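Notes follow the structure.
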Amino acid sequence: MFRDMWPLVKRKISLLLSVLLLSLLLQFTASENGIEEPLCFPQISPSAVRNGDLMIGTFLPMYSVEVSSDIGARRFGSKPHKDCRNYKWLYKNYQQALTIMFAVEEINKDPYLLANITLGFHIYNTYHSDERTLESSLRWLSGQGQLIPNYSCWEQDKAVAIIGGATSALSVQMGTLLDLYKYLQITFGPYEPILSDKLKFPSLYQMAPRDSSLHKGLVRLMTHFEWTWVGLITVDDLRGEEFLQELTLEMANNGVCVSFTEKIPVSERRHTESHMTFMPRIMASSSRVVFIHGDTDSLMILRYSQFPLFPSYKVWVTTSNWDITMRPKYIDGYNFHGALAFSHLTSDVPGFKAFLRTVTPTKYSEDIVLKEFWHSAFRCTDESEELQQEECSPNASLETLPLLYFDMTMSDMSYTLYNAVYAVAWTLHEIFLVKLDNESKVEEESWVPHPWQLHSFLKKIQFNNSAGDQVFMDENRNPEAEYKILNYVTFNKEVEALLKVGQFNPKAQRGEDLIINEEAIVWGWSNTKVPCATCSESCGPGFRQTPLEGEPICCFNCSPCPEEEISNQMNMKHCMRCPEDEYPNKERNQCLPKTMTFLDASEPLGMTLICVALSFSLMTSLILCVFVKFRDTPIVKANNRALSYTFLISLNFCFLCSLLFIARPTAVTCLLRQTTFGIVFTVAVSSILAKTIMVVLAFRVTTPASRSRKWVQSRVSNSVVIICSGIQVVLCGIWLGTSPPFPDMDPHSEPGHIIIKCNEGSDFAFYSVLGYMGFLSLCSFTVAFLARSLPDTFNEAKFITFSMLLFCSVWVSFLPTYQSTKGKAMVTVEIFSILASGAGLLGCIIIPKCYMILLRPDKNTQESIKSKVISRGNKHSGSLSGNSYQRPNQF
């Protein structure tokens with residue numbers, strides 16, 4: 001146990017030794033020079049005193065001081081009491097002192113909170129300096145402005161608590177020293193997780209809300225305005241480093257890159273010597289937007305480094321820890337015009353502005369620091385010795401001061417100070433209630449509580465302040481801060497304002513957490529709209545981001561989207577495909593609805609094909625009528641009337657079945673298209689095959705008593721047609737039974753169109769039907785070719801040969817063309833093949849006979865036929881004897 005506590009004990013012993021050495025040095029220099037009071041006493045003594053039964057010590061940063069470059073000479077050569085360097089008023093921080101006065105006056109007027117007890121305060125100035133902080137702390141402990149360790153000059157020990165710690169560094173410096181005396185310490189600066197370690201700081205309590213979501217709010221602002229290339233400035237300390245890690249990680253998760261990072265040393269106080277150090281590097285960066293995080297004192301160097309009257313043309317975004325309006329009075333605010341600031345969202349404290357309007361040096365005549373502030377702020381005199389004689393602007397009001405000097409709106413720190421004073425008051429209230437319950441002890445003990453007695457009560461304190469907000473002293477219940485976004489607008493050295501333009505609530509859902517009024521924002525000197533903060537030019541719709549090798553993800557080139565893909569937003573990393581029923585436009589930034597396409601009967605191509613099909617069908621029907629009318633003529637009889645009728649009827653259906661391919665496909669038409677076409681064409685080709693076989697048999701089987709003559713019968717030809725057609729019917733039946741055709745949509749073959757088509761179901765079945773029909777055609781062609789030299793009076797072999805040659809040529813050409821086309825072209829090719837092959841059969845086989853029937857009836861007689869047959873039969877006597885040759889009457 002002792003081993004675990006030894007580092008803490010060792011640190012406190014070391015600090016106590018340092019304090020003793022510092023106090024001895026100060027006493028030695030004072031005694032050596034015979035000086036009872038330092039020359040710069042107003043700056044290092046209590047700035048304001050209000051006596052009361054109980055006292056609160058308060059350390060506020062109201063002055064800044066320039067540190068000399070010769071630090072060693074100043075420390076060991078000059079005398080501290082003569083160290084009257086260039087003290088500068090931090091005018092706006094005086095509101096914090098007035099807040100203490102306002103809160104104490106309210107408490108003393110409250111008859112319930114601290115009845116019959118008055119609360120007083122001592123306000124000390126504190127510097128961002130280790131030695132000055134320790135010195136101020138020791139003077140407060142000693143009392144009366146003296147510096148005597150472990151000795152108090154107060155008439156009685158009335159000090160009960162200390163409020164200070166405007167920054168975490170000051171809190172650490174003061175906390176360790178004052179903890180030796182177990183004084184209750186309440187910090188009003190930004191919440192710092194390290195100060196919550198009760199092993200290191202058991203007497204320290206933080207009043208400010210947690211800033212654990214500040215980095216998320218900053219990144220939400222970046223993503224809202226699409227800022228992806230920003231600069232970061234932070235203080236070079238542990239808190240700044242932790243915040244930088246949190247912020248950069250959140251930025252990376254949201255696709256935002258850091259263009260540069262600038263860290264300002266905490267020890268840097270030589271502002272005038274650092275002129276032209278930081279600002280030129282920042283101004284030279286390519287980023288248009290810069291985010292700043294740090295405390296006011298550390299970041300004051302940015303004010304000293306700016307160029308007066310020369311706008312920076314950058315947008316600055318700051319956090320609540322830095323009061324952007326605070327600056328040396330001779331420096332204008334032009335460079336930060338249009339900046340955005342995240343500030344804690346607080347409620348208005350009733351009566352505070354009214355109190356500020358009544359504050360004058362006359363009302364608080366005992367407060368010499370108020371007189372000094374008044375004379376400096378209203379620029380009455382530069383001679384401090386005249387403060388007592390000269391009455392400066394008796395009718396002036398703090399409300400008339402510009403924002404550079406004073407703000408009538410309570411700041412974040414002032415609001416926290418107000419709550420801190422009330423926390424002490426409520427703690428004392430609870431202590432006195434406990435003592436009143438046991439009056440005997442009150443008589444024996446002093447009624448003034450010891451500092452260490454407040455701890456157990458303060459931990460449990462919770463109350464509602466006058467603004468209606470609930471305040472907790474339990475740090476585990478300390479709420480997460482909400483933020484208002486302020487726009488800093490400056491027009492000249494005297495006219496400037498902070499306007500609320502937005503709000504961030506980390507507890508709200510994403511999309512509702514950030515509220516921004518873009519129209520109310522003033523974007524600095526060069527922008528009338530939201531500035532662009534990107535590493536590369538934005539990629540518009542139709543383009544995508546292409547990363548650059550070796551560069552951050554925010555630096556990229558813009559490449560057009562690939563075919564069939566679009567991008568409809570700015571800076572898309574990937575293009576996206578359109579839905580199947582849509583297609584990209586030429587700019588590739590929008591998906592357009594695809595047009596349903598099929599071979600429609602209302603369009604010119606469809607109407608043309610319908611007319612051609614109907615014309616051939618009508619022609620075939622007329623020819624059939626001619627054959628029926630002249631059925632007893634030799635030509636009709638000689639060519640087997642039944643086969644001719646079958647052929648013409650099937651050919652007519654061939655022309656009509658092409659109509660099934662026109663108009664929007666349905667389930668019925670898809671089932672009938674190919675099967676009807678395959679069967680009726682098979683019947684037609686089978687009829688031709690039967691006719692060809694009969695022609696060969698008729699001229700080869702000529703002996704009257706031959707048994708082979710039984711094959712030259714009509715039932716043989718009918719059987720050929722039935723058998724051949726029956727095989728095709730079986731194939732089509734198997735096709736329909738296993739994988740029938742069905743309506744389908746093809747959204748990919750033609751850009752911008754959805755093809756409505758019939759899916760054949762089984763390609764194998766489809767090509768089997770076509771192949772079988774081709775096989776029959778090839779057989780007909782082969783038999784007819786072998787019989788081409790027979791007598792041609794009634795011999796159709798030559799016509800059949802030519803018709804089959806044409807038929808096969810059409811369908812052989814059909815296959816590759818059909819495979820290479822899509823949509824309407826595919827259907828058109830098949831219709832054309834049907835019509836062309838049907839027309840070829842009609843023209844080559846039937847039309848010559850119509851010519852003989854209609855135009856040469858003189859040759860369509862029995863006598864003419866006999867004479868022609870006899871004369872031609874003699875020419876074939878080598879193979880057929882003229883005495884034995886006889887033509888059958890019919891085949």
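Each chain of the structure tokens is named A, B, ... in the order shown, its residues numbered from 1; ligands are numbered from 1 in display order.
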So which bits of segment 560-760 of chain A end up alpha helix (DSSP H) when you DSSP the backbone, as a ChimeraX atom specification?
-> /A:604-629,634-638,641-657,667-700,714-738
Using only C-alpha atoms, find each residue of segment 564-631 of chain A with at least one atom at most 10 Å away from an atom of segment 839-856 of chain A; report its shortest atom-to-atom pair and that distance in Å (one decimal), sort the rows by chain and rising residue number, and return the result as a Markdown table.
| residue | atom | partner | partner_atom | distance |
| --- | --- | --- | --- | --- |
| A:Ala613 | CA | A:Ala839 | CA | 9.7 |
| A:Phe616 | CA | A:Ala839 | CA | 7.2 |
| A:Ser617 | CA | A:Ala839 | CA | 9.8 |
| A:Met619 | CA | A:Leu842 | CA | 9.4 |
| A:Thr620 | CA | A:Leu842 | CA | 7.7 |
| A:Ile623 | CA | A:Cys850 | CA | 7.4 |
| A:Leu624 | CA | A:Ile846 | CA | 9.7 |
| A:Val626 | CA | A:Cys850 | CA | 7.8 |
| A:Phe627 | CA | A:Cys850 | CA | 8.2 |
| A:Phe630 | CA | A:Ile853 | CA | 7.7 |
Can you write just those residues out, all heavy atoms, as a CSV table (one decimal), in the first residue's frame?
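Saved file again-v7.csv follows:
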chain,number,residue,atom,x,y,z
A,613,ALA,N,-47.8,-11.7,-96.2
A,613,ALA,CA,-48.2,-13.0,-95.8
A,613,ALA,C,-49.7,-13.3,-96.3
A,613,ALA,O,-50.0,-14.3,-96.8
A,613,ALA,CB,-48.2,-13.2,-94.3
A,616,PHE,N,-49.7,-13.8,-100.1
A,616,PHE,CA,-49.3,-15.2,-100.5
A,616,PHE,C,-50.4,-16.2,-100.1
A,616,PHE,O,-50.7,-17.1,-100.8
A,616,PHE,CB,-48.0,-15.6,-99.8
A,616,PHE,CG,-46.8,-15.0,-100.5
A,616,PHE,CD1,-45.8,-14.4,-99.7
A,616,PHE,CD2,-46.7,-14.9,-101.8
A,616,PHE,CE1,-44.6,-13.9,-100.3
A,616,PHE,CE2,-45.5,-14.4,-102.5
A,616,PHE,CZ,-44.5,-13.8,-101.7
A,617,SER,N,-51.0,-15.9,-99.0
A,617,SER,CA,-52.1,-16.8,-98.6
A,617,SER,C,-53.3,-16.7,-99.5
A,617,SER,O,-53.9,-17.8,-99.9
A,617,SER,CB,-52.6,-16.5,-97.1
A,617,SER,OG,-53.6,-17.3,-96.7
A,619,MET,N,-53.2,-15.8,-102.6
A,619,MET,CA,-52.7,-16.4,-103.9
A,619,MET,C,-52.8,-17.9,-103.9
A,619,MET,O,-53.3,-18.6,-104.8
A,619,MET,CB,-51.3,-15.9,-104.2
A,619,MET,CG,-50.8,-16.5,-105.6
A,619,MET,SD,-49.0,-16.0,-105.9
A,619,MET,CE,-49.2,-14.2,-105.8
A,620,THR,N,-52.4,-18.5,-102.7
A,620,THR,CA,-52.4,-19.9,-102.6
A,620,THR,C,-53.9,-20.4,-102.6
A,620,THR,O,-54.2,-21.5,-103.2
A,620,THR,CB,-51.7,-20.3,-101.3
A,620,THR,OG1,-50.4,-19.8,-101.2
A,620,THR,CG2,-51.7,-21.9,-101.1
A,623,ILE,N,-55.1,-20.4,-106.1
A,623,ILE,CA,-54.5,-21.5,-106.9
A,623,ILE,C,-55.3,-22.8,-106.5
A,623,ILE,O,-55.5,-23.7,-107.4
A,623,ILE,CB,-53.0,-21.6,-106.6
A,623,ILE,CG1,-52.3,-20.4,-107.3
A,623,ILE,CG2,-52.5,-22.9,-107.2
A,623,ILE,CD1,-50.8,-20.3,-106.9
A,624,LEU,N,-55.6,-23.0,-105.2
A,624,LEU,CA,-56.3,-24.1,-104.8
A,624,LEU,C,-57.7,-24.2,-105.5
A,624,LEU,O,-58.1,-25.3,-105.9
A,624,LEU,CB,-56.4,-24.1,-103.3
A,624,LEU,CG,-57.2,-25.3,-102.7
A,624,LEU,CD1,-56.5,-26.6,-103.0
A,624,LEU,CD2,-57.3,-25.1,-101.2
A,626,VAL,N,-58.3,-22.9,-108.4
A,626,VAL,CA,-58.1,-23.3,-109.8
A,626,VAL,C,-57.9,-24.8,-109.9
A,626,VAL,O,-58.5,-25.4,-110.8
A,626,VAL,CB,-56.9,-22.5,-110.3
A,626,VAL,CG1,-56.5,-23.0,-111.7
A,626,VAL,CG2,-57.2,-21.0,-110.4
A,627,PHE,N,-57.1,-25.4,-109.0
A,627,PHE,CA,-56.9,-26.8,-109.1
A,627,PHE,C,-58.2,-27.6,-108.8
A,627,PHE,O,-58.4,-28.6,-109.4
A,627,PHE,CB,-55.9,-27.2,-108.0
A,627,PHE,CG,-54.5,-27.2,-108.5
A,627,PHE,CD1,-53.9,-26.0,-109.0
A,627,PHE,CD2,-53.7,-28.4,-108.6
A,627,PHE,CE1,-52.6,-26.0,-109.5
A,627,PHE,CE2,-52.4,-28.3,-109.1
A,627,PHE,CZ,-51.8,-27.2,-109.6
A,630,PHE,N,-60.3,-27.2,-112.1
A,630,PHE,CA,-59.8,-27.9,-113.2
A,630,PHE,C,-59.2,-29.3,-112.7
A,630,PHE,O,-58.2,-29.8,-113.2
A,630,PHE,CB,-58.6,-27.1,-113.9
A,630,PHE,CG,-59.1,-25.9,-114.5
A,630,PHE,CD1,-59.0,-24.7,-113.8
A,630,PHE,CD2,-59.7,-25.9,-115.8
A,630,PHE,CE1,-59.5,-23.5,-114.4
A,630,PHE,CE2,-60.1,-24.7,-116.4
A,630,PHE,CZ,-60.0,-23.5,-115.7
Between A:Leu776, A:Leu731, A:Leu599, A:Leu458, which is the closest to Ser658 of chain A once you count only C-alpha atoms?
->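 Smallest separation from Ser658 of chain A among the options: A:Leu599.
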Which segment 450-565 of chain A residues have any atom within 12 Å of an atom of segment 106-130 of chain A, and for each, what is the nearest pair of atoms with distance in Å to one decimal, counting only C-alpha atoms, rows sorted by chain and number, as a tab-separated table?
residue	atom	partner	partner_atom	distance
A:Phe463	CA	A:Leu113	CA	11.8
A:Asn465	CA	A:Ile107	CA	11.5
A:Ser466	CA	A:Glu106	CA	10.1
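Omitting Asp469 of chain A and its sequence neighbours fewer than 5 positions away, and counting only C-alpha atoms, the residues within 9 Å are A:Thr346, A:Ser347, A:Phe463, A:Asn464.
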Restrict the selected residues to N, CA, C and O atoms and save them as an mmCIF file, in the first residue's frame.
data_model
loop_
_atom_site.group_PDB
_atom_site.id
_atom_site.type_symbol
_atom_site.label_atom_id
_atom_site.label_comp_id
_atom_site.auth_asym_id
_atom_site.auth_seq_id
_atom_site.Cartn_x
_atom_site.Cartn_y
_atom_site.Cartn_z
ATOM 1 N N THR A 346 -26.060 27.188 -23.473
ATOM 2 C CA THR A 346 -26.460 27.474 -22.092
ATOM 3 C C THR A 346 -27.741 28.292 -22.088
ATOM 4 O O THR A 346 -28.110 28.911 -23.090
ATOM 5 N N SER A 347 -28.385 28.294 -20.946
ATOM 6 C CA SER A 347 -29.620 29.064 -20.782
ATOM 7 C C SER A 347 -29.286 30.454 -20.249
ATOM 8 O O SER A 347 -28.247 30.664 -19.592
ATOM 9 N N PHE A 463 -28.732 20.596 -7.843
ATOM 10 C CA PHE A 463 -29.707 21.676 -7.667
ATOM 11 C C PHE A 463 -30.094 22.233 -9.025
ATOM 12 O O PHE A 463 -29.420 21.983 -10.047
ATOM 13 N N ASN A 464 -31.150 22.983 -9.059
ATOM 14 C CA ASN A 464 -31.593 23.698 -10.247
ATOM 15 C C ASN A 464 -31.209 25.162 -10.104
ATOM 16 O O ASN A 464 -31.586 25.819 -9.107
#
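Picture a line from atom CA of Gly838 of chain A to atom CA of Thr675 of chain A; it runs 16.5 Å.
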For Gly338 of chain A, which residue out of A:Glu565, A:Glu496, A:Glu480, A:Asp197 is the nearest one, using only C-alpha atoms?
-> A:Glu496
Residue neighbourhood Lys198 of chain A, 12 Å, only C-alpha atoms, exclusion window fewer than 5 positions, as a list in words =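 Returned residues: Leu8, Gly175, Thr176, Asp179, Pro193, Ser203, Leu204, Tyr205, Gln206 and Glu475 of chain A.
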Using DSSP on the backbone coordinates, identify the residues of segment 576-758 of chain A assigned to strand (DSSP E); present them as a list in words.
->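 Answer for segment 576-758 of chain A, restricted to strand (DSSP E): Met576, Arg577, Glu582, Tyr583, Pro584, Cys591, Leu592, Pro593, Thr595, Met596, Thr597, Phe742, Pro743, Asp744, Met745, Asp746, His753, Ile754, Ile755, Ile756, Lys757 and Cys758 of chain A.
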Selected residue of minimal separation from Gly231 of chain A among A:Glu399, A:Glu587, A:Glu537, A:Glu262, counting only C-alpha atoms =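 The closest residue to Gly231 of chain A is A:Glu262.
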Which residue, A:Asn517, A:Ser837, A:Thr187, A:Asp581, has the smallest gap to Val530 of chain A when you use only C-alpha atoms?
-> A:Asn517
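Atom to atom, atom CA of Cys657 of chain A and atom CA of Tyr645 of chain A stand 18.2 Å apart.
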Non-local contacts of Val730 of chain A (12 Å; only C-alpha atoms; under 6 positions in same chain excluded) as a PyMOL selection string = chain A and resi 675+678-679+722-724+736-737+765+768-769+772
Choose the residue, out of A:Ile233, A:Ala252, A:Leu60, A:Val258, that has the smallest atom-to-atom separation from Met279 of chain A; count only C-alpha atoms.
->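 Looking only at the distances to Met279 of chain A, the closest residue turns out to be A:Ile233.
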Closest of A:Leu218, A:Ala797, A:Leu98, A:Leu299 to Pro506 of chain A, counting only C-alpha atoms, is A:Leu218
